[in-house]
>>> print(open('final_33.cif').read())   # mmCIF, C-alpha atoms and all ligand atoms
data_query
#
loop_
_atom_site.group_PDB
_atom_site.id
_atom_site.type_symbol
_atom_site.label_atom_id
_atom_site.label_comp_id
_atom_site.auth_asym_id
_atom_site.auth_seq_id
_atom_site.Cartn_x
_atom_site.Cartn_y
_atom_site.Cartn_z
ATOM 1 C CA MET A 1 0.000 0.000 0.000
ATOM 2 C CA VAL A 2 1.477 3.354 -0.979
ATOM 3 C CA GLY A 3 0.848 6.340 1.266
ATOM 4 C CA GLU A 4 -1.113 9.373 0.142
ATOM 5 C CA ALA A 5 1.889 11.579 -0.627
ATOM 6 C CA PRO A 6 3.752 8.972 -2.747
ATOM 7 C CA ALA A 7 0.459 8.100 -4.472
ATOM 8 C CA MET A 8 -0.045 11.754 -5.401
ATOM 9 C CA ALA A 9 3.546 11.964 -6.624
ATOM 10 C CA ILE A 10 3.106 8.880 -8.808
ATOM 11 C CA PHE A 11 -0.193 10.234 -10.124
ATOM 12 C CA GLY A 12 1.437 13.587 -10.921
ATOM 13 C CA ALA A 13 4.379 11.999 -12.703
ATOM 14 C CA THR A 14 2.110 9.716 -14.737
ATOM 15 C CA TYR A 15 -0.138 12.630 -15.629
ATOM 16 C CA ALA A 16 2.842 14.721 -16.786
ATOM 17 C CA ALA A 17 4.141 11.843 -18.928
ATOM 18 C CA VAL A 18 0.734 11.270 -20.555
ATOM 19 C CA VAL A 19 0.333 14.987 -21.334
ATOM 20 C CA GLY A 20 3.856 14.852 -22.788
ATOM 21 C CA LEU A 21 2.921 11.886 -25.013
ATOM 22 C CA CYS A 22 -0.091 13.792 -26.370
ATOM 23 C CA VAL A 23 1.990 16.927 -26.901
ATOM 24 C CA GLY A 24 4.455 14.700 -28.791
ATOM 25 C CA SER A 25 1.633 13.594 -31.068
ATOM 26 C CA PHE A 26 0.942 17.257 -31.886
ATOM 27 C CA LEU A 27 4.682 17.926 -32.350
ATOM 28 C CA ASN A 28 4.674 15.215 -35.040
ATOM 29 C CA VAL A 29 1.918 17.083 -36.864
ATOM 30 C CA VAL A 30 3.845 20.355 -36.567
ATOM 31 C CA ALA A 31 7.113 18.722 -37.705
ATOM 32 C CA HIS A 32 5.376 17.178 -40.715
ATOM 33 C CA ARG A 33 3.268 20.123 -41.838
ATOM 34 C CA LEU A 34 5.104 23.324 -40.896
ATOM 35 C CA PRO A 35 8.016 22.795 -43.344
ATOM 36 C CA ARG A 36 5.443 22.057 -46.081
ATOM 37 C CA GLY A 37 3.524 25.245 -45.372
ATOM 38 C CA GLU A 38 0.387 23.364 -44.285
ATOM 39 C CA SER A 39 -1.961 24.260 -41.443
ATOM 40 C CA VAL A 40 -1.109 22.556 -38.163
ATOM 41 C CA VAL A 41 -4.704 22.531 -36.910
ATOM 42 C CA ARG A 42 -6.674 21.271 -39.910
ATOM 43 C CA PRO A 43 -7.405 18.845 -41.497
ATOM 44 C CA ARG A 44 -7.237 15.693 -39.363
ATOM 45 C CA SER A 45 -4.189 13.436 -39.721
ATOM 46 C CA ARG A 46 -4.044 11.318 -42.864
ATOM 47 C CA CYS A 47 -1.957 8.292 -43.791
ATOM 48 C CA PRO A 48 0.835 9.423 -46.169
ATOM 49 C CA GLY A 49 0.451 6.054 -47.952
ATOM 50 C CA CYS A 50 -3.248 5.872 -48.824
ATOM 51 C CA GLY A 51 -4.464 9.337 -47.791
ATOM 52 C CA GLY A 52 -7.062 7.704 -45.519
ATOM 53 C CA ARG A 53 -8.171 9.635 -42.475
ATOM 54 C CA ILE A 54 -6.618 8.239 -39.292
ATOM 55 C CA ALA A 55 -9.292 7.362 -36.736
ATOM 56 C CA GLY A 56 -8.975 8.570 -33.151
ATOM 57 C CA ARG A 57 -8.423 5.049 -31.819
ATOM 58 C CA ASP A 58 -5.430 4.670 -34.197
ATOM 59 C CA ASN A 59 -3.965 8.009 -33.157
ATOM 60 C CA LEU A 60 -3.011 7.174 -29.558
ATOM 61 C CA PRO A 61 0.625 8.119 -28.883
ATOM 62 C CA VAL A 62 3.063 5.164 -29.069
ATOM 63 C CA LEU A 63 0.296 2.683 -28.153
ATOM 64 C CA SER A 64 -1.400 2.717 -31.573
ATOM 65 C CA PHE A 65 1.947 2.232 -33.317
ATOM 66 C CA VAL A 66 2.616 -0.869 -31.212
ATOM 67 C CA LEU A 67 -0.926 -2.266 -31.543
ATOM 68 C CA LEU A 68 -0.933 -1.764 -35.323
ATOM 69 C CA GLY A 69 2.551 -3.286 -35.662
ATOM 70 C CA GLY A 70 3.836 -0.062 -37.217
ATOM 71 C CA ARG A 71 1.462 -0.241 -40.196
ATOM 72 C CA CYS A 72 -1.555 1.728 -41.452
ATOM 73 C CA ARG A 73 -4.814 -0.060 -40.596
ATOM 74 C CA MET A 74 -6.258 0.683 -44.037
ATOM 75 C CA CYS A 75 -3.441 0.151 -46.549
ATOM 76 C CA GLY A 76 -0.744 -1.597 -44.505
ATOM 77 C CA ALA A 77 1.896 1.021 -45.387
ATOM 78 C CA ARG A 78 4.772 1.205 -42.919
ATOM 79 C CA ILE A 79 4.550 4.061 -40.412
ATOM 80 C CA SER A 80 7.888 5.710 -39.686
ATOM 81 C CA TRP A 81 9.414 4.846 -36.280
ATOM 82 C CA ARG A 82 9.984 8.580 -35.922
ATOM 83 C CA TYR A 83 6.372 9.147 -34.878
ATOM 84 C CA PRO A 84 6.414 6.969 -31.738
ATOM 85 C CA ALA A 85 10.010 8.060 -31.056
ATOM 86 C CA VAL A 86 9.007 11.743 -30.954
ATOM 87 C CA GLU A 87 5.963 10.929 -28.809
ATOM 88 C CA GLY A 88 8.074 8.866 -26.419
ATOM 89 C CA ALA A 89 10.768 11.556 -26.221
ATOM 90 C CA SER A 90 8.136 14.199 -25.482
ATOM 91 C CA GLY A 91 6.576 12.030 -22.748
ATOM 92 C CA LEU A 92 10.026 11.515 -21.226
ATOM 93 C CA LEU A 93 10.867 15.246 -21.317
ATOM 94 C CA TRP A 94 7.582 16.165 -19.600
ATOM 95 C CA LEU A 95 8.234 13.467 -16.987
ATOM 96 C CA ILE A 96 11.753 14.812 -16.353
ATOM 97 C CA ALA A 97 10.357 18.371 -16.122
ATOM 98 C CA TRP A 98 7.877 17.140 -13.515
ATOM 99 C CA LEU A 99 10.521 15.240 -11.540
ATOM 100 C CA ALA A 100 12.921 18.200 -11.661
ATOM 101 C CA PHE A 101 10.499 21.030 -10.878
ATOM 102 C CA GLY A 102 7.100 19.626 -9.891
ATOM 103 C CA PRO A 103 3.847 21.530 -10.519
ATOM 104 C CA THR A 104 5.449 24.977 -10.650
ATOM 105 C CA VAL A 105 5.985 27.751 -13.200
ATOM 106 C CA ASP A 106 9.494 26.299 -13.608
ATOM 107 C CA GLY A 107 8.036 22.869 -14.395
ATOM 108 C CA LEU A 108 5.611 24.189 -17.012
ATOM 109 C CA ALA A 109 8.248 26.420 -18.608
ATOM 110 C CA ALA A 110 10.710 23.502 -18.730
ATOM 111 C CA ALA A 111 8.128 21.203 -20.328
ATOM 112 C CA VAL A 112 7.047 23.754 -22.962
ATOM 113 C CA PHE A 113 10.635 24.757 -23.714
ATOM 114 C CA SER A 114 11.807 21.155 -24.150
ATOM 115 C CA SER A 115 8.824 20.474 -26.460
ATOM 116 C CA LEU A 116 9.906 23.400 -28.653
ATOM 117 C CA LEU A 117 13.481 22.091 -28.645
ATOM 118 C CA LEU A 118 12.279 18.633 -29.653
ATOM 119 C CA VAL A 119 10.215 19.811 -32.617
ATOM 120 C CA LEU A 120 13.018 22.148 -33.774
ATOM 121 C CA ALA A 121 15.488 19.233 -33.658
ATOM 122 C CA VAL A 122 13.161 16.931 -35.608
ATOM 123 C CA ILE A 123 12.542 19.526 -38.345
ATOM 124 C CA ASP A 124 16.220 20.466 -38.593
ATOM 125 C CA ALA A 125 17.280 16.818 -38.844
ATOM 126 C CA ALA A 126 14.794 16.191 -41.664
ATOM 127 C CA HIS A 127 14.924 19.469 -43.606
ATOM 128 C CA PHE A 128 17.999 21.466 -42.466
ATOM 129 C CA LEU A 129 15.524 24.127 -41.499
ATOM 130 C CA LEU A 130 14.514 25.921 -38.319
ATOM 131 C CA PRO A 131 11.223 27.667 -39.136
ATOM 132 C CA ASP A 132 10.977 31.331 -38.112
ATOM 133 C CA ARG A 133 7.597 30.747 -36.581
ATOM 134 C CA LEU A 134 9.071 28.266 -34.083
ATOM 135 C CA THR A 135 12.281 30.157 -33.299
ATOM 136 C CA TYR A 136 10.400 33.431 -32.775
ATOM 137 C CA LEU A 137 7.813 31.598 -30.676
ATOM 138 C CA THR A 138 10.651 30.237 -28.522
ATOM 139 C CA LEU A 139 12.126 33.728 -28.194
ATOM 140 C CA GLY A 140 8.767 35.293 -27.262
ATOM 141 C CA LEU A 141 7.823 32.574 -24.772
ATOM 142 C CA GLY A 142 11.313 32.641 -23.252
ATOM 143 C CA LEU A 143 11.196 36.394 -22.665
ATOM 144 C CA THR A 144 7.704 36.027 -21.173
ATOM 145 C CA ALA A 145 8.619 33.051 -18.974
ATOM 146 C CA SER A 146 11.588 34.949 -17.539
ATOM 147 C CA PHE A 147 9.114 36.906 -15.381
ATOM 148 C CA GLY A 148 8.051 33.690 -13.635
ATOM 149 C CA VAL A 149 10.882 31.148 -13.649
ATOM 150 C CA SER A 150 13.422 30.879 -10.850
ATOM 151 C CA TRP A 151 16.561 30.243 -12.925
ATOM 152 C CA THR A 152 16.765 33.598 -14.692
ATOM 153 C CA THR A 153 15.444 37.172 -14.613
ATOM 154 C CA PRO A 154 13.945 39.325 -17.392
ATOM 155 C CA LEU A 155 17.320 41.064 -17.674
ATOM 156 C CA GLY A 156 19.200 37.741 -17.800
ATOM 157 C CA SER A 157 16.750 36.536 -20.431
ATOM 158 C CA ALA A 158 17.213 39.602 -22.655
ATOM 159 C CA LEU A 159 20.997 39.381 -22.238
ATOM 160 C CA GLY A 160 20.946 35.660 -23.014
ATOM 161 C CA ALA A 161 18.928 36.244 -26.204
ATOM 162 C CA ALA A 162 21.128 39.091 -27.430
ATOM 163 C CA ALA A 163 24.385 37.332 -26.556
ATOM 164 C CA GLY A 164 23.184 34.068 -28.135
ATOM 165 C CA ALA A 165 22.452 35.769 -31.440
ATOM 166 C CA ALA A 166 25.689 37.763 -31.298
ATOM 167 C CA ALA A 167 27.822 34.692 -30.486
ATOM 168 C CA LEU A 168 26.573 32.697 -33.485
ATOM 169 C CA LEU A 169 26.744 35.696 -35.853
ATOM 170 C CA LEU A 170 30.356 36.151 -34.783
ATOM 171 C CA LEU A 171 31.065 32.450 -35.289
ATOM 172 C CA ILE A 172 29.497 32.541 -38.762
ATOM 173 C CA GLY A 173 31.500 35.671 -39.635
ATOM 174 C CA VAL A 174 34.842 34.268 -38.473
ATOM 175 C CA TRP A 175 34.204 30.930 -40.177
ATOM 176 C CA TYR A 176 33.314 32.717 -43.409
ATOM 177 C CA LEU A 177 36.528 34.756 -43.333
ATOM 178 C CA LEU A 178 38.570 31.600 -42.716
ATOM 179 C CA ARG A 179 36.889 29.145 -45.066
ATOM 180 C CA ARG A 180 34.576 31.164 -47.322
ATOM 181 C CA VAL A 181 31.549 29.029 -46.436
ATOM 182 C CA ARG A 182 28.603 29.797 -44.212
ATOM 183 C CA ALA A 183 28.964 27.473 -41.250
ATOM 184 C CA MET A 184 25.292 27.617 -40.323
ATOM 185 C CA GLY A 185 22.099 29.444 -41.166
ATOM 186 C CA LEU A 186 20.284 32.340 -39.581
ATOM 187 C CA GLY A 187 17.800 29.814 -38.172
ATOM 188 C CA ASP A 188 20.508 28.662 -35.752
ATOM 189 C CA VAL A 189 21.128 32.297 -34.745
ATOM 190 C CA LYS A 190 17.424 32.843 -33.984
ATOM 191 C CA MET A 191 17.206 29.507 -32.199
ATOM 192 C CA LEU A 192 20.112 30.267 -29.869
ATOM 193 C CA ALA A 193 18.517 33.670 -29.178
ATOM 194 C CA GLY A 194 15.371 31.787 -28.110
ATOM 195 C CA VAL A 195 17.432 29.406 -25.962
ATOM 196 C CA GLY A 196 19.118 32.405 -24.331
ATOM 197 C CA ALA A 197 15.715 33.957 -23.647
ATOM 198 C CA PHE A 198 14.561 30.791 -21.856
ATOM 199 C CA LEU A 199 17.753 29.911 -19.996
ATOM 200 C CA GLY A 200 19.442 33.281 -19.448
ATOM 201 C CA LEU A 201 23.038 34.172 -20.229
ATOM 202 C CA TYR A 202 24.832 31.333 -18.414
ATOM 203 C CA GLY A 203 22.381 28.684 -19.584
ATOM 204 C CA MET A 204 22.870 29.909 -23.160
ATOM 205 C CA LEU A 205 26.665 29.748 -22.859
ATOM 206 C CA LEU A 206 26.504 26.218 -21.432
ATOM 207 C CA THR A 207 24.116 25.233 -24.257
ATOM 208 C CA LEU A 208 26.527 26.535 -26.899
ATOM 209 C CA PHE A 209 29.450 24.719 -25.278
ATOM 210 C CA VAL A 210 27.612 21.385 -25.037
ATOM 211 C CA ALA A 211 26.213 21.779 -28.583
ATOM 212 C CA CYS A 212 29.681 22.381 -30.049
ATOM 213 C CA LEU A 213 31.044 19.432 -28.074
ATOM 214 C CA PHE A 214 28.289 17.057 -29.262
ATOM 215 C CA GLY A 215 28.538 18.427 -32.812
ATOM 216 C CA ALA A 216 32.308 17.902 -32.877
ATOM 217 C CA ILE A 217 32.061 14.349 -31.490
ATOM 218 C CA PHE A 218 29.304 13.463 -33.968
ATOM 219 C CA GLY A 219 31.230 15.030 -36.859
ATOM 220 C CA LEU A 220 34.411 13.136 -35.950
ATOM 221 C CA LEU A 221 32.502 9.859 -35.689
ATOM 222 C CA LEU A 222 31.041 10.420 -39.157
ATOM 223 C CA MET A 223 34.466 11.349 -40.520
ATOM 224 C CA VAL A 224 36.075 8.217 -39.064
ATOM 225 C CA ARG A 225 33.391 6.169 -40.786
ATOM 226 C CA GLY A 226 34.038 8.067 -44.016
ATOM 227 C CA ARG A 227 30.571 9.540 -44.178
ATOM 228 C CA LEU A 228 31.542 13.167 -43.757
ATOM 229 C CA SER A 229 33.992 15.497 -45.459
ATOM 230 C CA TRP A 230 34.901 19.130 -44.817
ATOM 231 C CA GLY A 231 32.017 21.165 -46.127
ATOM 232 C CA SER A 232 29.333 18.582 -45.313
ATOM 233 C CA ARG A 233 26.425 20.089 -43.478
ATOM 234 C CA LEU A 234 25.362 19.082 -40.011
ATOM 235 C CA PRO A 235 21.978 20.130 -38.629
ATOM 236 C CA PHE A 236 23.392 22.302 -35.845
ATOM 237 C CA GLY A 237 19.882 22.895 -34.462
ATOM 238 C CA VAL A 238 19.822 19.257 -33.318
ATOM 239 C CA PHE A 239 22.940 19.836 -31.242
ATOM 240 C CA LEU A 240 21.619 23.138 -29.920
ATOM 241 C CA SER A 241 18.507 21.252 -28.784
ATOM 242 C CA LEU A 242 20.565 18.590 -27.022
ATOM 243 C CA GLY A 243 22.754 21.249 -25.428
ATOM 244 C CA ALA A 244 19.748 23.238 -24.225
ATOM 245 C CA VAL A 245 18.082 20.153 -22.684
ATOM 246 C CA VAL A 246 21.322 19.290 -20.871
ATOM 247 C CA SER A 247 21.669 22.896 -19.743
ATOM 248 C CA LEU A 248 18.031 23.102 -18.618
ATOM 249 C CA PHE A 249 17.988 19.938 -16.507
ATOM 250 C CA PHE A 250 21.642 19.434 -15.546
ATOM 251 C CA GLY A 251 23.067 22.969 -15.800
ATOM 252 C CA PRO A 252 23.302 23.717 -12.047
ATOM 253 C CA LEU A 253 24.778 20.238 -11.489
ATOM 254 C CA LEU A 254 27.414 20.676 -14.215
ATOM 255 C CA ILE A 255 28.334 24.178 -13.062
ATOM 256 C CA ALA A 256 28.676 22.979 -9.438
ATOM 257 C CA ALA A 257 30.861 20.053 -10.581
ATOM 258 C CA TYR A 258 33.015 22.435 -12.610
ATOM 259 C CA ALA A 259 33.316 24.880 -9.704
ATOM 260 C CA SER A 260 34.417 22.071 -7.370
ATOM 261 C CA LEU A 261 37.252 21.260 -9.787
ATOM 262 C CA LEU A 262 38.715 24.745 -9.383
HETATM 263 ZN ZN ZN A 301 -2.734 3.996 -45.268
#
>>> encode(input="final_33.cif", output="structure tokens")
Amino acid sequence: MVGEAPAMAIFGATYAAVVGLCVGSFLNVVAHRLPRGESVVRPRSRCPGCGGRIAGRDNLPVLSFVLLGGRCRMCGARISWRYPAVEGASGLLWLIAWLAFGPTVDGLAAAVFSSLLLVLAVIDAAHFLLPDRLTYLTLGLGLTASFGVSWTTPLGSALGAAAGAAALLLLIGVWYLLRRVRAMGLGDVKMLAGVGAFLGLYGMLLTLFVACLFGAIFGLLLMVRGRLSWGSRLPFGVFLSLGAVVSLFFGPLLIAAYASLL
């Protein structure tokens, strides 16, 4: 028999994860339609194989994919594993946000922010694109959230946004002078501005550091396997997303560990 407090905690965590799964289902719609210039609210989801309308009972996050064996009920076309993966990742991020912050402004901001990061990463990985509508939304929500969250202030948020944009513009400029190629797009600049708005100056700097580290490791791995040459493009938004999630949930831990080294 679990006591009342643990029971409430388990209920809360489950609830957060289920909301996250459903949000993930919507993120799939956004990731599929936004780059194609389609409306994200209408019409209802259709199978890309047969164009058939997907019934509500076949649209349950992760569960439907498993029950249907990864195939469309009507035509049997394979459904990409990306759909349940995004739903699962979203559920996990909302669960972590709950465990880290509980039912607070911090918790809600963390959950919404990590959902934005997830959909940006998915779109960038598929299309090498970070849509303005999402990066500006991140920036606007980040600046707004700074009035309520505990980890930054409105001033820190504005500084983080400005410094994030400036840092990447500088990086692009220096890289262009050295190699005559544009290292990344303006989408990355706007995205890091949004990350800075959510996390503040130090969170933004940690994000950039972790993103460059992950990007470099990934690039080297690809190079070792002969799948990457100088001049190949990497979707840097994916690494910015990873960096921002690490910074959001483990930033204070990492900074404390670093400080104890000194
Ligand atoms: Zn179908």
>>> atom_distance(input="final_33.cif", atom1="CA of Leu171 in chain A", atom2="CA of Ala211 in chain A")
13.5 Å
>>> resolve_selection(input="final_33.cif", expression="the PyMOL selection byres (((chain A and resi 94) around 9) and not hetatm)", output="ChimeraX atom specification")
/A:13,16-21,89-93,95-99,107-108,110-112,114-115
>>> residues_near_ligand(input="final_33.cif", ligand="ligand ZN 301 (chain A)", cutoff="12 Å", atoms="only C-alpha atoms and all ligand atoms", output="PyMOL selection string")
chain A and resi 45-55+58+68+70-79
>>> residues_around(input="final_33.cif", residues="Leu60 in chain A", least_positions_apart="5", cutoff="9 Å", atoms="all atoms listed in the file", output="PyMOL selection string")
chain A and resi 21-22+25+65
>>> closest_residue(input="final_33.cif", among="A:Val195, A:Leu129, A:Cys212, A:Val119", to="Ala145 in chain A", atoms="all atoms listed in the file")
A:Val195
>>> resolve_selection(input="final_33.cif", expression="the PyMOL selection byres (((chain A and resi 155) around 10) and not hetatm)", output="list of chain:residue names")
A:Leu143, A:Ser146, A:Phe147, A:Thr152, A:Thr153, A:Pro154, A:Gly156, A:Ser157, A:Ala158, A:Leu159, A:Gly160, A:Ala161, A:Ala197, A:Gly200, A:Leu201
>>> write_last_selection(input="final_33.cif", atoms="C-alpha atoms", output="PDB file, in the coordinates of the input")
ATOM      1  CA  LEU A 143      11.196  36.394 -22.665  1.00  0.00           C
ATOM      2  CA  SER A 146      11.588  34.949 -17.539  1.00  0.00           C
ATOM      3  CA  PHE A 147       9.114  36.906 -15.381  1.00  0.00           C
ATOM      4  CA  THR A 152      16.765  33.598 -14.692  1.00  0.00           C
ATOM      5  CA  THR A 153      15.444  37.172 -14.613  1.00  0.00           C
ATOM      6  CA  PRO A 154      13.945  39.325 -17.392  1.00  0.00           C
ATOM      7  CA  GLY A 156      19.200  37.741 -17.800  1.00  0.00           C
ATOM      8  CA  SER A 157      16.750  36.536 -20.431  1.00  0.00           C
ATOM      9  CA  ALA A 158      17.213  39.602 -22.655  1.00  0.00           C
ATOM     10  CA  LEU A 159      20.997  39.381 -22.238  1.00  0.00           C
ATOM     11  CA  GLY A 160      20.946  35.660 -23.014  1.00  0.00           C
ATOM     12  CA  ALA A 161      18.928  36.244 -26.204  1.00  0.00           C
ATOM     13  CA  ALA A 197      15.715  33.957 -23.647  1.00  0.00           C
ATOM     14  CA  GLY A 200      19.442  33.281 -19.448  1.00  0.00           C
ATOM     15  CA  LEU A 201      23.038  34.172 -20.229  1.00  0.00           C
TER      16      LEU A 201
END
>>> atom_distance(input="final_33.cif", atom1="CA of Gly69 in chain A", atom2="CA of Ser39 in chain A")
28.5 Å
>>> atom_distance(input="final_33.cif", atom1="CA of Ala121 in chain A", atom2="CA of Tyr15 in chain A")
24.8 Å
>>> resolve_selection(input="final_33.cif", expression="the PyMOL selection byres (((chain A and resi 230-243) around 7) and not hetatm)", output="mmCIF file with C-alpha atoms, keeping the file's coordinate frame")
data_model
loop_
_atom_site.group_PDB
_atom_site.id
_atom_site.type_symbol
_atom_site.label_atom_id
_atom_site.label_comp_id
_atom_site.auth_asym_id
_atom_site.auth_seq_id
_atom_site.Cartn_x
_atom_site.Cartn_y
_atom_site.Cartn_z
ATOM 1 C CA LEU A 117 13.481 22.091 -28.645
ATOM 2 C CA LEU A 118 12.279 18.633 -29.653
ATOM 3 C CA LEU A 120 13.018 22.148 -33.774
ATOM 4 C CA ALA A 121 15.488 19.233 -33.658
ATOM 5 C CA ASP A 124 16.220 20.466 -38.593
ATOM 6 C CA ALA A 125 17.280 16.818 -38.844
ATOM 7 C CA PHE A 128 17.999 21.466 -42.466
ATOM 8 C CA ASP A 188 20.508 28.662 -35.752
ATOM 9 C CA THR A 207 24.116 25.233 -24.257
ATOM 10 C CA LEU A 208 26.527 26.535 -26.899
ATOM 11 C CA VAL A 210 27.612 21.385 -25.037
ATOM 12 C CA ALA A 211 26.213 21.779 -28.583
ATOM 13 C CA PHE A 214 28.289 17.057 -29.262
ATOM 14 C CA GLY A 215 28.538 18.427 -32.812
ATOM 15 C CA LEU A 228 31.542 13.167 -43.757
ATOM 16 C CA SER A 229 33.992 15.497 -45.459
ATOM 17 C CA ALA A 244 19.748 23.238 -24.225
ATOM 18 C CA VAL A 245 18.082 20.153 -22.684
ATOM 19 C CA VAL A 246 21.322 19.290 -20.871
ATOM 20 C CA SER A 247 21.669 22.896 -19.743
#
>>> axis_aligned_box(input="final_33.cif", around="range 111-122 of chain A", padding_each_side="4 Å", output="AutoDock Vina command-line options")
--center_x 11.3 --center_y 20.8 --center_z -28.0 --size_x 16.4 --size_y 15.8 --size_z 23.3
>>> closest_residue(input="final_33.cif", among="A:Gly196, A:Gly102, A:Ala257, A:Arg36", to="Gly12 in chain A", atoms="all atoms listed in the file")
A:Gly102
>>> closest_residue(input="final_33.cif", among="A:Tyr176, A:Phe218, A:Phe198, A:Phe249", to="Leu116 in chain A", atoms="all atoms listed in the file")
A:Phe198
>>> closest_residue(input="final_33.cif", among="A:Ala165, A:Ala85, A:Leu177, A:Leu206", to="Leu254 in chain A", atoms="all atoms listed in the file")
A:Leu206
>>> residues_around(input="final_33.cif", residues="Val105 in chain A", least_positions_apart="6", cutoff="9 Å", atoms="only C-alpha atoms", output="PyMOL selection string")
chain A and resi 145+148-150
>>> closest_residue(input="final_33.cif", among="A:Ala216, A:Leu221, A:Leu248, A:Ala162", to="Ala193 in chain A", atoms="all atoms listed in the file")
A:Ala162
>>> build_atoms(input="final_33.cif", residues="range 38-51 of chain A", atoms="N, CA, C and O atoms", output="CSV table (one decimal), in the frame of the given file")
chain,number,residue,atom,x,y,z
A,38,GLU,N,1.8,23.7,-44.5
A,38,GLU,CA,0.4,23.4,-44.3
A,38,GLU,C,-0.1,23.8,-42.9
A,38,GLU,O,0.7,24.0,-42.0
A,39,SER,N,-1.4,23.9,-42.7
A,39,SER,CA,-2.0,24.3,-41.4
A,39,SER,C,-1.7,23.2,-40.4
A,39,SER,O,-1.8,22.0,-40.7
A,40,VAL,N,-1.4,23.6,-39.2
A,40,VAL,CA,-1.1,22.6,-38.2
A,40,VAL,C,-2.4,22.2,-37.4
A,40,VAL,O,-2.4,21.3,-36.6
A,41,VAL,N,-3.5,22.9,-37.6
A,41,VAL,CA,-4.7,22.5,-36.9
A,41,VAL,C,-5.7,21.8,-37.8
A,41,VAL,O,-6.5,20.9,-37.2
A,42,ARG,N,-5.7,22.0,-39.1
A,42,ARG,CA,-6.7,21.3,-39.9
A,42,ARG,C,-6.0,20.8,-41.2
A,42,ARG,O,-5.0,21.4,-41.6
A,43,PRO,N,-6.4,19.8,-41.9
A,43,PRO,CA,-7.4,18.8,-41.5
A,43,PRO,C,-6.9,17.8,-40.5
A,43,PRO,O,-5.7,17.9,-40.1
A,44,ARG,N,-7.7,16.8,-40.2
A,44,ARG,CA,-7.2,15.7,-39.4
A,44,ARG,C,-6.1,14.9,-40.0
A,44,ARG,O,-5.9,15.0,-41.2
A,45,SER,N,-5.3,14.2,-39.2
A,45,SER,CA,-4.2,13.4,-39.7
A,45,SER,C,-4.6,12.4,-40.8
A,45,SER,O,-5.6,11.7,-40.6
A,46,ARG,N,-3.8,12.3,-41.8
A,46,ARG,CA,-4.0,11.3,-42.9
A,46,ARG,C,-2.8,10.4,-43.0
A,46,ARG,O,-1.7,10.9,-42.8
A,47,CYS,N,-3.1,9.2,-43.5
A,47,CYS,CA,-2.0,8.3,-43.8
A,47,CYS,C,-1.2,8.8,-45.0
A,47,CYS,O,-1.9,9.1,-46.0
A,48,PRO,N,0.1,9.0,-45.0
A,48,PRO,CA,0.8,9.4,-46.2
A,48,PRO,C,0.8,8.4,-47.3
A,48,PRO,O,1.0,8.7,-48.5
A,49,GLY,N,0.5,7.1,-46.9
A,49,GLY,CA,0.5,6.1,-48.0
A,49,GLY,C,-0.8,6.1,-48.8
A,49,GLY,O,-0.8,6.2,-50.0
A,50,CYS,N,-2.0,6.0,-48.1
A,50,CYS,CA,-3.2,5.9,-48.8
A,50,CYS,C,-4.1,7.1,-48.7
A,50,CYS,O,-5.1,7.3,-49.4
A,51,GLY,N,-3.7,8.1,-47.9
A,51,GLY,CA,-4.5,9.3,-47.8
A,51,GLY,C,-5.7,9.2,-46.9
A,51,GLY,O,-6.5,10.1,-46.8
